[in-house]
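Q: The file below is run12.cif, mmCIF, C-alpha atoms, pLDDT in the B column; chains and numbers go by the auth columns:
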```cif
data_upload
loop_
_atom_site.group_PDB
_atom_site.id
_atom_site.type_symbol
_atom_site.label_atom_id
_atom_site.label_comp_id
_atom_site.label_asym_id
_atom_site.label_seq_id
_atom_site.Cartn_x
_atom_site.Cartn_y
_atom_site.Cartn_z
_atom_site.B_iso_or_equiv
_atom_site.auth_seq_id
_atom_site.auth_asym_id
ATOM 1 C CA MET A 1 -18.060 -20.177 -14.205 58.00 23 K
ATOM 2 C CA LYS A 2 -18.346 -16.424 -14.028 67.00 24 K
ATOM 3 C CA PRO A 3 -15.099 -14.425 -14.638 69.00 25 K
ATOM 4 C CA CYS A 4 -13.678 -12.274 -11.811 70.00 26 K
ATOM 5 C CA SER A 5 -14.137 -8.554 -11.926 81.00 27 K
ATOM 6 C CA PRO A 6 -10.973 -6.498 -12.567 80.00 28 K
ATOM 7 C CA LEU A 7 -11.072 -5.068 -9.036 83.00 29 K
ATOM 8 C CA ARG A 8 -11.358 -8.507 -7.451 83.00 30 K
ATOM 9 C CA ARG A 9 -8.514 -9.830 -9.618 84.00 31 K
ATOM 10 C CA LEU A 10 -6.303 -6.875 -8.555 82.00 32 K
ATOM 11 C CA VAL A 11 -7.076 -7.505 -4.863 83.00 33 K
ATOM 12 C CA LEU A 12 -6.230 -11.219 -5.224 83.00 34 K
ATOM 13 C CA ILE A 13 -2.911 -10.460 -6.963 84.00 35 K
ATOM 14 C CA ALA A 14 -1.988 -7.876 -4.302 80.00 36 K
ATOM 15 C CA ALA A 15 -2.833 -10.316 -1.492 79.00 37 K
ATOM 16 C CA ALA A 16 -0.797 -13.108 -3.098 77.00 38 K
ATOM 17 C CA GLY A 17 2.144 -10.739 -3.569 72.00 39 K
ATOM 18 C CA ALA A 18 1.977 -9.626 0.075 71.00 40 K
ATOM 19 C CA LEU A 19 1.954 -13.240 1.270 71.00 41 K
ATOM 20 C CA LEU A 20 4.866 -14.258 -0.948 68.00 42 K
ATOM 21 C CA THR A 21 7.108 -11.362 0.092 67.00 43 K
ATOM 22 C CA GLY A 22 6.797 -12.467 3.708 64.00 44 K
ATOM 23 C CA CYS A 23 8.342 -15.815 2.773 62.00 45 K
ATOM 24 C CA VAL A 24 11.651 -14.463 1.499 61.00 46 K
ATOM 25 C CA TYR A 25 14.709 -15.781 3.330 63.00 47 K
ATOM 26 C CA ARG A 26 18.040 -14.155 2.642 61.00 48 K
ATOM 27 C CA VAL A 27 21.189 -16.196 3.022 59.00 49 K
ATOM 28 C CA SER A 28 24.462 -14.521 3.931 58.00 50 K
ATOM 29 C CA ILE A 29 26.849 -15.123 1.061 56.00 51 K
ATOM 30 C CA TYR A 30 30.546 -15.257 1.836 54.00 52 K
ATOM 31 C CA GLN A 31 32.664 -14.674 -1.225 54.00 53 K
ATOM 32 C CA GLY A 32 36.153 -16.047 -1.495 55.00 54 K
ATOM 33 C CA TRP A 33 37.719 -19.146 0.009 59.00 55 K
ATOM 34 C CA ILE A 34 37.112 -20.362 3.535 58.00 56 K
ATOM 35 C CA THR A 35 40.465 -21.695 4.598 64.00 57 K
ATOM 36 C CA ASP A 36 42.776 -22.778 7.311 67.00 58 K
ATOM 37 C CA PRO A 37 44.969 -19.709 7.991 65.00 59 K
ATOM 38 C CA GLY A 38 48.066 -21.909 7.702 77.00 60 K
ATOM 39 C CA ASP A 39 47.423 -22.669 4.013 82.00 61 K
ATOM 40 C CA ILE A 40 48.700 -19.276 2.899 84.00 62 K
ATOM 41 C CA ASP A 41 51.875 -19.749 4.934 86.00 63 K
ATOM 42 C CA LYS A 42 52.681 -22.903 2.935 91.00 64 K
ATOM 43 C CA VAL A 43 53.173 -20.907 -0.287 92.00 65 K
ATOM 44 C CA GLU A 44 56.905 -20.399 -0.872 94.00 66 K
ATOM 45 C CA MET A 45 58.988 -18.379 -3.299 95.00 67 K
ATOM 46 C CA GLY A 46 59.754 -20.329 -6.456 96.00 68 K
ATOM 47 C CA MET A 47 56.661 -22.559 -6.354 96.00 69 K
ATOM 48 C CA THR A 48 55.024 -23.229 -9.699 95.00 70 K
ATOM 49 C CA ARG A 49 51.482 -22.151 -10.577 93.00 71 K
ATOM 50 C CA GLU A 50 50.362 -25.770 -10.321 94.00 72 K
ATOM 51 C CA GLN A 51 51.757 -26.077 -6.790 94.00 73 K
ATOM 52 C CA VAL A 52 50.032 -22.861 -5.681 92.00 74 K
ATOM 53 C CA ALA A 53 46.736 -23.966 -7.254 90.00 75 K
ATOM 54 C CA TYR A 54 47.040 -27.311 -5.451 90.00 76 K
ATOM 55 C CA LEU A 55 47.499 -25.544 -2.088 89.00 77 K
ATOM 56 C CA LEU A 56 45.049 -22.670 -2.458 87.00 78 K
ATOM 57 C CA GLY A 57 42.721 -23.675 -5.270 86.00 79 K
ATOM 58 C CA THR A 58 41.682 -21.613 -8.263 85.00 80 K
ATOM 59 C CA PRO A 59 42.333 -17.881 -7.792 87.00 81 K
ATOM 60 C CA THR A 60 39.329 -15.697 -6.999 82.00 82 K
ATOM 61 C CA VAL A 61 40.491 -13.214 -9.648 79.00 83 K
ATOM 62 C CA ARG A 62 42.676 -13.859 -12.665 79.00 84 K
ATOM 63 C CA ASP A 63 43.276 -10.442 -14.231 81.00 85 K
ATOM 64 C CA PRO A 64 43.646 -10.653 -18.031 86.00 86 K
ATOM 65 C CA PHE A 65 45.847 -7.545 -17.954 90.00 87 K
ATOM 66 C CA HIS A 66 48.224 -9.024 -15.359 87.00 88 K
ATOM 67 C CA ALA A 67 48.667 -12.652 -16.422 88.00 89 K
ATOM 68 C CA ASP A 68 51.446 -13.184 -13.883 93.00 90 K
ATOM 69 C CA ARG A 69 49.284 -12.199 -10.905 94.00 91 K
ATOM 70 C CA TRP A 70 46.707 -14.245 -9.025 92.00 92 K
ATOM 71 C CA ASP A 71 44.409 -12.699 -6.410 90.00 93 K
ATOM 72 C CA TYR A 72 42.628 -14.627 -3.669 86.00 94 K
ATOM 73 C CA VAL A 73 40.046 -13.357 -1.179 82.00 95 K
ATOM 74 C CA PHE A 74 40.256 -15.437 1.996 78.00 96 K
ATOM 75 C CA THR A 75 37.888 -15.821 4.918 73.00 97 K
ATOM 76 C CA PRO A 76 39.122 -17.817 7.929 66.00 98 K
ATOM 77 C CA GLY A 77 37.218 -21.032 8.685 61.00 99 K
ATOM 78 C CA THR A 78 35.251 -19.434 11.557 57.00 100 K
ATOM 79 C CA LEU A 79 33.694 -16.833 9.172 57.00 101 K
ATOM 80 C CA GLU A 80 34.193 -14.292 11.961 62.00 102 K
ATOM 81 C CA GLY A 81 37.918 -13.694 11.607 64.00 103 K
ATOM 82 C CA GLU A 82 39.751 -11.161 9.507 73.00 104 K
ATOM 83 C CA ARG A 83 39.197 -11.405 5.757 78.00 105 K
ATOM 84 C CA ARG A 84 42.174 -10.674 3.549 82.00 106 K
ATOM 85 C CA ILE A 85 43.324 -10.410 -0.020 85.00 107 K
ATOM 86 C CA VAL A 86 46.372 -12.413 -1.030 88.00 108 K
ATOM 87 C CA MET A 87 48.157 -11.338 -4.205 92.00 109 K
ATOM 88 C CA ILE A 88 50.676 -13.787 -5.653 93.00 110 K
ATOM 89 C CA GLU A 89 52.904 -12.778 -8.540 95.00 111 K
ATOM 90 C CA PHE A 90 54.788 -15.221 -10.738 95.00 112 K
ATOM 91 C CA SER A 91 57.938 -14.970 -12.832 95.00 113 K
ATOM 92 C CA ASP A 92 59.640 -17.574 -15.017 92.00 114 K
ATOM 93 C CA GLU A 93 61.127 -19.100 -11.844 91.00 115 K
ATOM 94 C CA GLY A 94 57.759 -19.428 -10.042 95.00 116 K
ATOM 95 C CA VAL A 95 56.311 -17.353 -7.207 96.00 117 K
ATOM 96 C CA SER A 96 58.165 -14.037 -7.087 96.00 118 K
ATOM 97 C CA SER A 97 56.114 -12.147 -4.457 95.00 119 K
ATOM 98 C CA ILE A 98 53.320 -12.669 -1.959 94.00 120 K
ATOM 99 C CA GLU A 99 51.375 -9.707 -0.598 93.00 121 K
ATOM 100 C CA ILE A 100 48.675 -10.052 2.077 89.00 122 K
ATOM 101 C CA THR A 101 46.257 -7.162 2.666 89.00 123 K
ATOM 102 C CA PRO A 102 43.582 -7.249 5.410 85.00 124 K
ATOM 103 C CA LEU A 103 40.062 -6.218 4.382 79.00 125 K
ATOM 104 C CA PRO A 104 38.023 -3.844 6.529 75.00 126 K
ATOM 105 C CA ALA A 105 35.318 -5.528 8.598 66.00 127 K
ATOM 106 C CA GLY A 106 31.822 -5.468 7.228 58.00 128 K
#
```
Give the structure from this file in structure tokens form.
A:
Amino acid sequence: MKPCSPLRRLVLIAAAGALLTGCVYRVSIYQGWITDPGDIDKVEMGMTREQVAYLLGTPTVRDPFHADRWDYVFTPGTLEGERRIVMIEFSDEGVSSIEITPLPAG
């Protein structure tokens, strides 16, 4: 079998690349937890870390510089509602504060 010329090989590679790039499908990736909005309301002052983890799952962010703070990024179950960040701080007695901040759309 006769080897391909360099020009022909370049054309074949370019054609294959053009065909493959047309096949790319991008999936929307939602980061954070998709939840029932009522789950956050179940967290109460004084709850232990284990109780909060049972209700909300593993925190999205566990900051090594703030060991007593857990951050969650929540998306409502419809994926079209308002996303929000929930910051839960702990003390020796359990949950000491809960702060909910809406995220801008987009």
Q: Grab the atom CA of K:Ile107 to atom CA of K:Thr123 distance for me, in Å with one decimal place.
A: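 Interatomic distance here is 5.1 Å.
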Q: Kindly indicate which residue among K:Ala89, K:Cys26, K:Val33, K:Val95 lies nearest to K:Ser113, using all atoms listed in the file for the distances.
A: K:Ala89
Q: Please provide the set of residues having any atom within 7 Å of K:Glu111, restricted to all atoms listed in the file, with same-chain residues fewer than 3 positions apart removed, written as a PDB file with C-alpha atoms, keeping the file's coordinate frame.
A:
```
ATOM      1  CA  ASP K  90      51.446 -13.184 -13.883  1.00 93.00           C
ATOM      2  CA  ARG K  91      49.284 -12.199 -10.905  1.00 94.00           C
ATOM      3  CA  TRP K  92      46.707 -14.245  -9.025  1.00 92.00           C
ATOM      4  CA  VAL K 117      56.311 -17.353  -7.207  1.00 96.00           C
ATOM      5  CA  SER K 118      58.165 -14.037  -7.087  1.00 96.00           C
ATOM      6  CA  SER K 119      56.114 -12.147  -4.457  1.00 95.00           C
ATOM      7  CA  ILE K 120      53.320 -12.669  -1.959  1.00 94.00           C
TER       8      ILE K 120
END
```
Q: Just give me the gap between atom CA of K:Leu125 and atom CA of K:Thr97 in Å, one decimal is fine.
A: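 That distance, rounded to one decimal, is 9.9 Å.
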Q: Just how far from atom CA of K:His88 is atom CA of K:Gly60, in Å to one decimal?
A: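 Rounded to one decimal, the two atoms are 26.4 Å apart.
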Q: Of the candidates K:Ala75, K:Gly68, K:Leu32, K:Ile62, which shows the shortest atom-to-atom distance to K:Val108, using all atoms listed in the file?
A: K:Ile62
Q: Output the residue selection produced by the PyMOL selection byres ((chain K and resi 80) around 12) on the file above, formatted as a PyMOL selection string.
A: chain K and resi 54-55+71-79+81-84+92-95
Q: Which of these residues is nearest to K:Ile122, using all atoms listed in the file: K:Asp63, K:Pro86, K:Thr70, K:Arg30?
A: K:Asp63
Q: Counting all atoms listed in the file, which residue out of K:Ile35, K:Val65, K:Leu41, K:Leu29 sits closest to K:Met109?
A: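 Among K:Ile35, K:Val65, K:Leu41, K:Leu29, it is K:Val65 that comes nearest to K:Met109.
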Q: Which is closest to K:Glu121 among K:Arg106, K:Asp61, K:Leu34, K:Phe87, if we use all atoms listed in the file?
A: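 Using all atoms listed in the file, K:Glu121 sits closest to K:Arg106.
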Q: Got a minute to add N, CA and C atoms to stretch 85-98 of chain K and dump it as a PDB file, in the frame of the given file?
A:
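Done, and the output landed in rebuild.pdb:
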```pdb
ATOM      1  N   ASP K  85      43.349 -11.673 -13.441  1.00 81.00           N
ATOM      2  CA  ASP K  85      43.276 -10.442 -14.231  1.00 81.00           C
ATOM      3  C   ASP K  85      43.874 -10.667 -15.615  1.00 81.00           C
ATOM      4  N   PRO K  86      43.107 -10.447 -16.682  1.00 86.00           N
ATOM      5  CA  PRO K  86      43.646 -10.653 -18.031  1.00 86.00           C
ATOM      6  C   PRO K  86      44.753  -9.659 -18.389  1.00 86.00           C
ATOM      7  N   PHE K  87      44.820  -8.539 -17.666  1.00 90.00           N
ATOM      8  CA  PHE K  87      45.847  -7.545 -17.954  1.00 90.00           C
ATOM      9  C   PHE K  87      47.127  -7.796 -17.164  1.00 90.00           C
ATOM     10  N   HIS K  88      47.055  -8.659 -16.158  1.00 87.00           N
ATOM     11  CA  HIS K  88      48.224  -9.024 -15.359  1.00 87.00           C
ATOM     12  C   HIS K  88      48.264 -10.549 -15.271  1.00 87.00           C
ATOM     13  N   ALA K  89      48.694 -11.195 -16.336  1.00 88.00           N
ATOM     14  CA  ALA K  89      48.667 -12.652 -16.422  1.00 88.00           C
ATOM     15  C   ALA K  89      49.548 -13.322 -15.374  1.00 88.00           C
ATOM     16  N   ASP K  90      50.529 -12.607 -14.867  1.00 93.00           N
ATOM     17  CA  ASP K  90      51.446 -13.184 -13.883  1.00 93.00           C
ATOM     18  C   ASP K  90      51.013 -12.911 -12.446  1.00 93.00           C
ATOM     19  N   ARG K  91      49.767 -12.511 -12.248  1.00 94.00           N
ATOM     20  CA  ARG K  91      49.284 -12.199 -10.905  1.00 94.00           C
ATOM     21  C   ARG K  91      47.982 -12.942 -10.631  1.00 94.00           C
ATOM     22  N   TRP K  92      47.926 -13.586  -9.483  1.00 92.00           N
ATOM     23  CA  TRP K  92      46.707 -14.245  -9.025  1.00 92.00           C
ATOM     24  C   TRP K  92      46.266 -13.576  -7.740  1.00 92.00           C
ATOM     25  N   ASP K  93      44.962 -13.301  -7.616  1.00 90.00           N
ATOM     26  CA  ASP K  93      44.409 -12.699  -6.410  1.00 90.00           C
ATOM     27  C   ASP K  93      43.424 -13.668  -5.764  1.00 90.00           C
ATOM     28  N   TYR K  94      43.535 -13.800  -4.460  1.00 86.00           N
ATOM     29  CA  TYR K  94      42.628 -14.627  -3.669  1.00 86.00           C
ATOM     30  C   TYR K  94      41.989 -13.754  -2.595  1.00 86.00           C
ATOM     31  N   VAL K  95      40.707 -13.991  -2.312  1.00 82.00           N
ATOM     32  CA  VAL K  95      40.046 -13.357  -1.179  1.00 82.00           C
ATOM     33  C   VAL K  95      39.778 -14.489  -0.193  1.00 82.00           C
ATOM     34  N   PHE K  96      40.361 -14.372   1.009  1.00 78.00           N
ATOM     35  CA  PHE K  96      40.256 -15.437   1.996  1.00 78.00           C
ATOM     36  C   PHE K  96      39.429 -15.022   3.189  1.00 78.00           C
ATOM     37  N   THR K  97      38.618 -15.960   3.681  1.00 73.00           N
ATOM     38  CA  THR K  97      37.888 -15.821   4.918  1.00 73.00           C
ATOM     39  C   THR K  97      38.320 -16.976   5.802  1.00 73.00           C
ATOM     40  N   PRO K  98      38.751 -16.720   7.038  1.00 66.00           N
ATOM     41  CA  PRO K  98      39.122 -17.817   7.929  1.00 66.00           C
ATOM     42  C   PRO K  98      37.954 -18.768   8.147  1.00 66.00           C
TER      43      PRO K  98
END
```
